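Engineer: Mind looking over this structure? Questions follow.
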Amino acid sequence: MKRQAKIILDDGTEFFGWSFGAEKNVGGEVVFNTAMTGYPESLTDPSYAGQILVTTYPLIGNYGVPDTGMGNNLLPLFMESEKIHVKALVVADYSETYSHWNAKESLATWLKREGIPAITGIDTRRLTMLLREQGVMMGRIVIEGCQHPIENDLIEDYGSINWVEQVSCKEVITYHPDRKAEDRSPLKKVVLVDCGVKANIIRCLLRRGIEVIRVPWDYDFNLLQFDGLFLANGPGDPERCGQTVNHIRAFLQSEKVRPCMGICLGNQLLARAAGAKTYKLKYGHRSHNQPVQWVGSSKCFITSQNHGYAVDAQTLPSDWEPLFVNMNDRSNEGIRHRSKPWMSAQFHPEACSGPVDTEFLFDEYAKMLGCYDK
């Protein structure tokens, strides 16, 4: 039997539809994504922790869900993490029938198994217009007849919670790249600060023959022996990651200069460690089609993005400069040091899902490490 469900925004606006996920009342920050595909990857992206995801593309669920298990390398086979991180999903039209050669189950079955509520039949165009005009806001999902209490009752604002702490790994994990038996050359070791890392970032590093040492968000990685630093994506306000910023600042001030690359939240944390400021965007960038220009050139790339905060490029110290800029709103999309091998991107070069126009940035990072030296 179908149960009526509704999403109630902080300003009192209500949207009515039908439940097709777990029958559970939840609250969270309501955000929208304009991507046409990639809902399994988006749902398992830790950067969506604490958020109710609205998909603007009307038809969702028609290609089902692939295997959600883990591979031999301790990484998910197809997903971006080991579980769904969104608080709830809101769509215009859920397709109960799915068809895809790699599908193992329906979206509804997966959502119910992981305890994630979802609503279909919502006018997502009107909801998105509202969020664009007023900005993202808190909201709650209420399922008809469900007595489940809403977590935190939405008393706390999204930005008041350290979501990074909730999604980061709890211990150090090391990933080894596949190598030929005769290859005896020393591996380059990279410390990856896990603020909510997507699995494909790790895959991209491993494919380039890099050993990845994944550490928790607040771990003092400066105590380790490594060749380079990598700052991962993650959810929430970068101001909540003061410990991480302090460790990055110590790395930047070290006499031993080693390469550093950041992605998404990693861009913001690197900027804050350098001395710049960050701010919250009105409704964020969450899509597969964000145009980004390489500063000082005529090159433009189509990028995959998922973030609600940005770097204030005007506050960068004189020895740093913008690397990329968003061509829609001119917000910062990456920074680099003028003389040292430190750079970052606000977008996702690893995509998954989305365009791979900028995956070459991983090659640039590998070159900084000396992985391609003959």
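Residues in the structure tokens are named by chain (A, B, ... in the order shown) and by number from 1 within that chain; ligands are numbered from 1 in the order shown.
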So that I can see what lies close to region 172-182 of chain A, please list as a VMD selection string the residues with an atom at most 7 Å from it, counting only C-alpha atoms and leaving out residues fewer than 6 positions away in the same chain.
Structural biologist: chain A and resid 206 to 207 209 to 216
Engineer: Now that the selection is made, can you save its residues with all heavy atoms as a CSV table (one decimal), in the first residue's frame?
Structural biologist:
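This went into part17.csv:
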```
chain,number,residue,atom,x,y,z
A,206,LEU,N,45.6,4.9,-7.3
A,206,LEU,CA,46.2,3.6,-7.4
A,206,LEU,C,46.5,3.2,-8.8
A,206,LEU,O,47.5,2.6,-9.1
A,206,LEU,CB,45.2,2.6,-6.8
A,206,LEU,CG,44.9,2.6,-5.3
A,206,LEU,CD1,43.8,1.6,-4.9
A,206,LEU,CD2,46.2,2.3,-4.5
A,207,ARG,N,45.7,3.7,-9.8
A,207,ARG,CA,46.0,3.4,-11.2
A,207,ARG,C,47.2,4.1,-11.7
A,207,ARG,O,47.8,3.6,-12.7
A,207,ARG,CB,44.8,3.9,-12.1
A,207,ARG,CG,43.6,3.0,-12.0
A,207,ARG,CD,42.7,3.2,-13.2
A,207,ARG,NE,42.2,4.6,-13.3
A,207,ARG,CZ,41.0,5.0,-12.8
A,207,ARG,NH1,40.3,4.1,-12.1
A,207,ARG,NH2,40.6,6.2,-12.9
A,209,GLY,N,50.0,4.1,-9.9
A,209,GLY,CA,51.1,3.4,-9.2
A,209,GLY,C,51.4,4.0,-7.9
A,209,GLY,O,52.6,3.9,-7.5
A,210,ILE,N,50.5,4.7,-7.3
A,210,ILE,CA,50.8,5.4,-6.0
A,210,ILE,C,50.2,4.6,-4.8
A,210,ILE,O,49.1,4.1,-4.9
A,210,ILE,CB,50.1,6.8,-6.0
A,210,ILE,CG1,50.7,7.7,-7.1
A,210,ILE,CG2,50.3,7.5,-4.7
A,210,ILE,CD1,50.0,9.0,-7.4
A,211,GLU,N,51.0,4.4,-3.8
A,211,GLU,CA,50.5,3.8,-2.6
A,211,GLU,C,49.8,4.9,-1.7
A,211,GLU,O,50.3,6.0,-1.5
A,211,GLU,CB,51.7,3.3,-1.7
A,211,GLU,CG,51.3,2.6,-0.5
A,211,GLU,CD,52.4,2.0,0.3
A,211,GLU,OE1,53.2,1.2,-0.3
A,211,GLU,OE2,52.6,2.3,1.5
A,212,VAL,N,48.6,4.6,-1.3
A,212,VAL,CA,47.7,5.5,-0.6
A,212,VAL,C,47.6,5.2,0.9
A,212,VAL,O,47.2,4.1,1.2
A,212,VAL,CB,46.3,5.6,-1.2
A,212,VAL,CG1,45.5,6.6,-0.5
A,212,VAL,CG2,46.4,6.0,-2.7
A,213,ILE,N,48.0,6.1,1.8
A,213,ILE,CA,47.8,5.9,3.2
A,213,ILE,C,46.7,6.8,3.6
A,213,ILE,O,46.8,8.1,3.7
A,213,ILE,CB,49.1,6.3,3.9
A,213,ILE,CG1,50.3,5.5,3.4
A,213,ILE,CG2,49.0,6.1,5.4
A,213,ILE,CD1,51.7,6.0,3.9
A,214,ARG,N,45.5,6.3,3.9
A,214,ARG,CA,44.3,7.0,4.2
A,214,ARG,C,44.3,7.2,5.7
A,214,ARG,O,44.3,6.2,6.5
A,214,ARG,CB,43.1,6.2,3.7
A,214,ARG,CG,41.8,6.8,4.0
A,214,ARG,CD,40.7,5.9,3.4
A,214,ARG,NE,39.3,6.3,3.7
A,214,ARG,CZ,38.3,5.6,3.3
A,214,ARG,NH1,38.4,4.4,2.7
A,214,ARG,NH2,37.1,6.0,3.6
A,215,VAL,N,44.2,8.5,6.2
A,215,VAL,CA,44.2,8.8,7.6
A,215,VAL,C,42.9,9.5,8.0
A,215,VAL,O,42.3,10.2,7.2
A,215,VAL,CB,45.4,9.6,8.0
A,215,VAL,CG1,46.7,8.8,7.6
A,215,VAL,CG2,45.4,11.0,7.3
A,216,PRO,N,42.5,9.4,9.3
A,216,PRO,CA,41.3,10.2,9.7
A,216,PRO,C,41.5,11.7,9.6
A,216,PRO,O,42.6,12.2,9.5
A,216,PRO,CB,41.2,9.7,11.2
A,216,PRO,CG,41.8,8.4,11.3
A,216,PRO,CD,43.0,8.5,10.3
```
Engineer: Which of region 21-63 of chain A counts as helix (DSSP H, G or I) under DSSP, as an MDAnalysis selection string please?
Structural biologist: chainID A and resid 39:43 46:48
Engineer: For Arg286 (chain A), please output as an MDAnalysis selection string all residues within 6 Å (counting only C-alpha atoms; exclusion window: fewer than 5 positions along the same chain).
Structural biologist: chainID A and resid 33 305:306
Engineer: What lies within 7 Å of Pro58 (chain A) using only C-alpha atoms, ignoring chain neighbours under 6 positions off, as JSON, numbers by chain?
Structural biologist: {"A": [91, 92, 93]}
Engineer: Using DSSP on the backbone coordinates, identify the residues of region 125-232 of chain A assigned to strand (DSSP E); present them as a list of chain:residue names.
Structural biologist: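 Listing strand (DSSP E) positions across region 125-232 of chain A yields A:Met137, A:Met138, A:Gly139, A:Arg140, A:Ile141, A:Val142, A:Ile143, A:Ile173, A:Thr174, A:Tyr175, A:Lys188, A:Lys189, A:Val190, A:Val191, A:Leu192, A:Val193, A:Asp194, A:Ile210, A:Glu211, A:Val212, A:Ile213, A:Arg214, A:Val215, A:Pro216, A:Gly228, A:Leu229, A:Phe230, A:Leu231.
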Engineer: Store the residues picked out above in a file with N, CA and C atoms, as a PDB file, in the first residue's frame.
Structural biologist:
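File written: again22.pdb
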```pdb
ATOM      1  N   MET A 137      17.884  25.397   2.495  1.00  0.00           N
ATOM      2  CA  MET A 137      17.327  25.557   3.838  1.00  0.00           C
ATOM      3  C   MET A 137      17.091  24.194   4.459  1.00  0.00           C
ATOM      4  N   MET A 138      16.874  24.189   5.750  1.00  0.00           N
ATOM      5  CA  MET A 138      16.580  22.938   6.429  1.00  0.00           C
ATOM      6  C   MET A 138      15.155  22.500   6.087  1.00  0.00           C
ATOM      7  N   GLY A 139      14.927  21.207   6.167  1.00  0.00           N
ATOM      8  CA  GLY A 139      13.610  20.664   5.884  1.00  0.00           C
ATOM      9  C   GLY A 139      13.443  19.322   6.551  1.00  0.00           C
ATOM     10  N   ARG A 140      12.265  18.775   6.458  1.00  0.00           N
ATOM     11  CA  ARG A 140      12.035  17.458   7.054  1.00  0.00           C
ATOM     12  C   ARG A 140      11.089  16.634   6.183  1.00  0.00           C
ATOM     13  N   ILE A 141      11.300  15.336   6.241  1.00  0.00           N
ATOM     14  CA  ILE A 141      10.463  14.366   5.535  1.00  0.00           C
ATOM     15  C   ILE A 141       9.525  13.728   6.548  1.00  0.00           C
ATOM     16  N   VAL A 142       8.245  13.737   6.263  1.00  0.00           N
ATOM     17  CA  VAL A 142       7.253  13.139   7.161  1.00  0.00           C
ATOM     18  C   VAL A 142       6.434  12.120   6.375  1.00  0.00           C
ATOM     19  N   ILE A 143       6.437  10.880   6.853  1.00  0.00           N
ATOM     20  CA  ILE A 143       5.706   9.792   6.203  1.00  0.00           C
ATOM     21  C   ILE A 143       4.388   9.571   6.928  1.00  0.00           C
ATOM     22  N   ILE A 173      44.364   3.386   6.992  1.00  0.00           N
ATOM     23  CA  ILE A 173      44.175   2.294   6.034  1.00  0.00           C
ATOM     24  C   ILE A 173      45.158   2.504   4.882  1.00  0.00           C
ATOM     25  N   THR A 174      45.864   1.456   4.486  1.00  0.00           N
ATOM     26  CA  THR A 174      46.838   1.564   3.393  1.00  0.00           C
ATOM     27  C   THR A 174      46.356   0.764   2.187  1.00  0.00           C
ATOM     28  N   TYR A 175      46.442   1.384   1.007  1.00  0.00           N
ATOM     29  CA  TYR A 175      46.053   0.749  -0.256  1.00  0.00           C
ATOM     30  C   TYR A 175      47.293   0.621  -1.137  1.00  0.00           C
ATOM     31  N   LYS A 188      55.818   5.521  -4.610  1.00  0.00           N
ATOM     32  CA  LYS A 188      55.583   6.822  -4.019  1.00  0.00           C
ATOM     33  C   LYS A 188      54.411   6.696  -3.051  1.00  0.00           C
ATOM     34  N   LYS A 189      54.617   7.187  -1.836  1.00  0.00           N
ATOM     35  CA  LYS A 189      53.593   7.081  -0.800  1.00  0.00           C
ATOM     36  C   LYS A 189      52.906   8.428  -0.600  1.00  0.00           C
ATOM     37  N   VAL A 190      51.575   8.401  -0.654  1.00  0.00           N
ATOM     38  CA  VAL A 190      50.786   9.624  -0.484  1.00  0.00           C
ATOM     39  C   VAL A 190      49.865   9.466   0.720  1.00  0.00           C
ATOM     40  N   VAL A 191      49.883  10.441   1.608  1.00  0.00           N
ATOM     41  CA  VAL A 191      48.932  10.487   2.711  1.00  0.00           C
ATOM     42  C   VAL A 191      47.659  11.162   2.215  1.00  0.00           C
ATOM     43  N   LEU A 192      46.543  10.471   2.320  1.00  0.00           N
ATOM     44  CA  LEU A 192      45.245  11.015   1.926  1.00  0.00           C
ATOM     45  C   LEU A 192      44.450  11.320   3.190  1.00  0.00           C
ATOM     46  N   VAL A 193      44.158  12.585   3.424  1.00  0.00           N
ATOM     47  CA  VAL A 193      43.375  12.982   4.583  1.00  0.00           C
ATOM     48  C   VAL A 193      41.902  12.767   4.260  1.00  0.00           C
ATOM     49  N   ASP A 194      41.285  11.825   4.954  1.00  0.00           N
ATOM     50  CA  ASP A 194      39.916  11.406   4.662  1.00  0.00           C
ATOM     51  C   ASP A 194      38.914  12.300   5.382  1.00  0.00           C
ATOM     52  N   ILE A 210      50.482   4.704  -7.265  1.00  0.00           N
ATOM     53  CA  ILE A 210      50.751   5.398  -6.001  1.00  0.00           C
ATOM     54  C   ILE A 210      50.187   4.597  -4.829  1.00  0.00           C
ATOM     55  N   GLU A 211      50.989   4.445  -3.784  1.00  0.00           N
ATOM     56  CA  GLU A 211      50.517   3.824  -2.552  1.00  0.00           C
ATOM     57  C   GLU A 211      49.793   4.887  -1.726  1.00  0.00           C
ATOM     58  N   VAL A 212      48.586   4.563  -1.294  1.00  0.00           N
ATOM     59  CA  VAL A 212      47.745   5.532  -0.589  1.00  0.00           C
ATOM     60  C   VAL A 212      47.634   5.168   0.884  1.00  0.00           C
ATOM     61  N   ILE A 213      47.983   6.119   1.754  1.00  0.00           N
ATOM     62  CA  ILE A 213      47.837   5.946   3.193  1.00  0.00           C
ATOM     63  C   ILE A 213      46.691   6.850   3.635  1.00  0.00           C
ATOM     64  N   ARG A 214      45.547   6.266   3.875  1.00  0.00           N
ATOM     65  CA  ARG A 214      44.335   7.006   4.226  1.00  0.00           C
ATOM     66  C   ARG A 214      44.272   7.212   5.737  1.00  0.00           C
ATOM     67  N   VAL A 215      44.164   8.464   6.165  1.00  0.00           N
ATOM     68  CA  VAL A 215      44.172   8.757   7.599  1.00  0.00           C
ATOM     69  C   VAL A 215      42.908   9.519   7.983  1.00  0.00           C
ATOM     70  N   PRO A 216      42.463   9.423   9.251  1.00  0.00           N
ATOM     71  CA  PRO A 216      41.293  10.177   9.715  1.00  0.00           C
ATOM     72  C   PRO A 216      41.489  11.678   9.597  1.00  0.00           C
ATOM     73  N   GLY A 228      53.958  12.684  -0.581  1.00  0.00           N
ATOM     74  CA  GLY A 228      53.033  13.722  -0.986  1.00  0.00           C
ATOM     75  C   GLY A 228      51.776  13.696  -0.142  1.00  0.00           C
ATOM     76  N   LEU A 229      51.027  14.792  -0.185  1.00  0.00           N
ATOM     77  CA  LEU A 229      49.806  14.929   0.599  1.00  0.00           C
ATOM     78  C   LEU A 229      48.618  15.099  -0.338  1.00  0.00           C
ATOM     79  N   PHE A 230      47.501  14.456   0.017  1.00  0.00           N
ATOM     80  CA  PHE A 230      46.273  14.579  -0.769  1.00  0.00           C
ATOM     81  C   PHE A 230      45.128  14.894   0.181  1.00  0.00           C
ATOM     82  N   LEU A 231      44.391  15.956  -0.121  1.00  0.00           N
ATOM     83  CA  LEU A 231      43.293  16.417   0.716  1.00  0.00           C
ATOM     84  C   LEU A 231      41.973  16.100   0.041  1.00  0.00           C
TER      85      LEU A 231
END
```
Engineer: Could you name the residues that touch Glu239 (chain A) at 10 Å or less, counting only C-alpha atoms, but leaving out those on the same chain fewer than 4 positions away, as a list in words?
Structural biologist: Gly159, Ser160, Asn162, Gln243, Thr244, Val245, Gln268, Leu269, Arg272, Lys277, Thr278 and Tyr279 of chain A
Engineer: CA of Ala49 (chain A) and CA of Gly284 (chain A), how far apart in Å?
Structural biologist: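 Computed distance, CA of Gly284 (chain A) to CA of Ala49 (chain A), equals 14.7 Å.
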Engineer: Find the residues near Leu265 (chain A): any atom within 7 Å, counting only C-alpha atoms, skip ones fewer than 2 places away on the same chain, and give them as an MDAnalysis selection string.
Structural biologist: chainID A and resid 232:234 238 263 267:269
Engineer: Name the residues in contact with Ala274 (chain A) at a cut-off of 8 Å, using only C-alpha atoms, excluding same-chain residues fewer than 3 positions from it; report them as a list in words.
Structural biologist: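 The contact residues come out as Arg249, Leu252, Leu270, Ala271, Leu316 and Pro317 of chain A.
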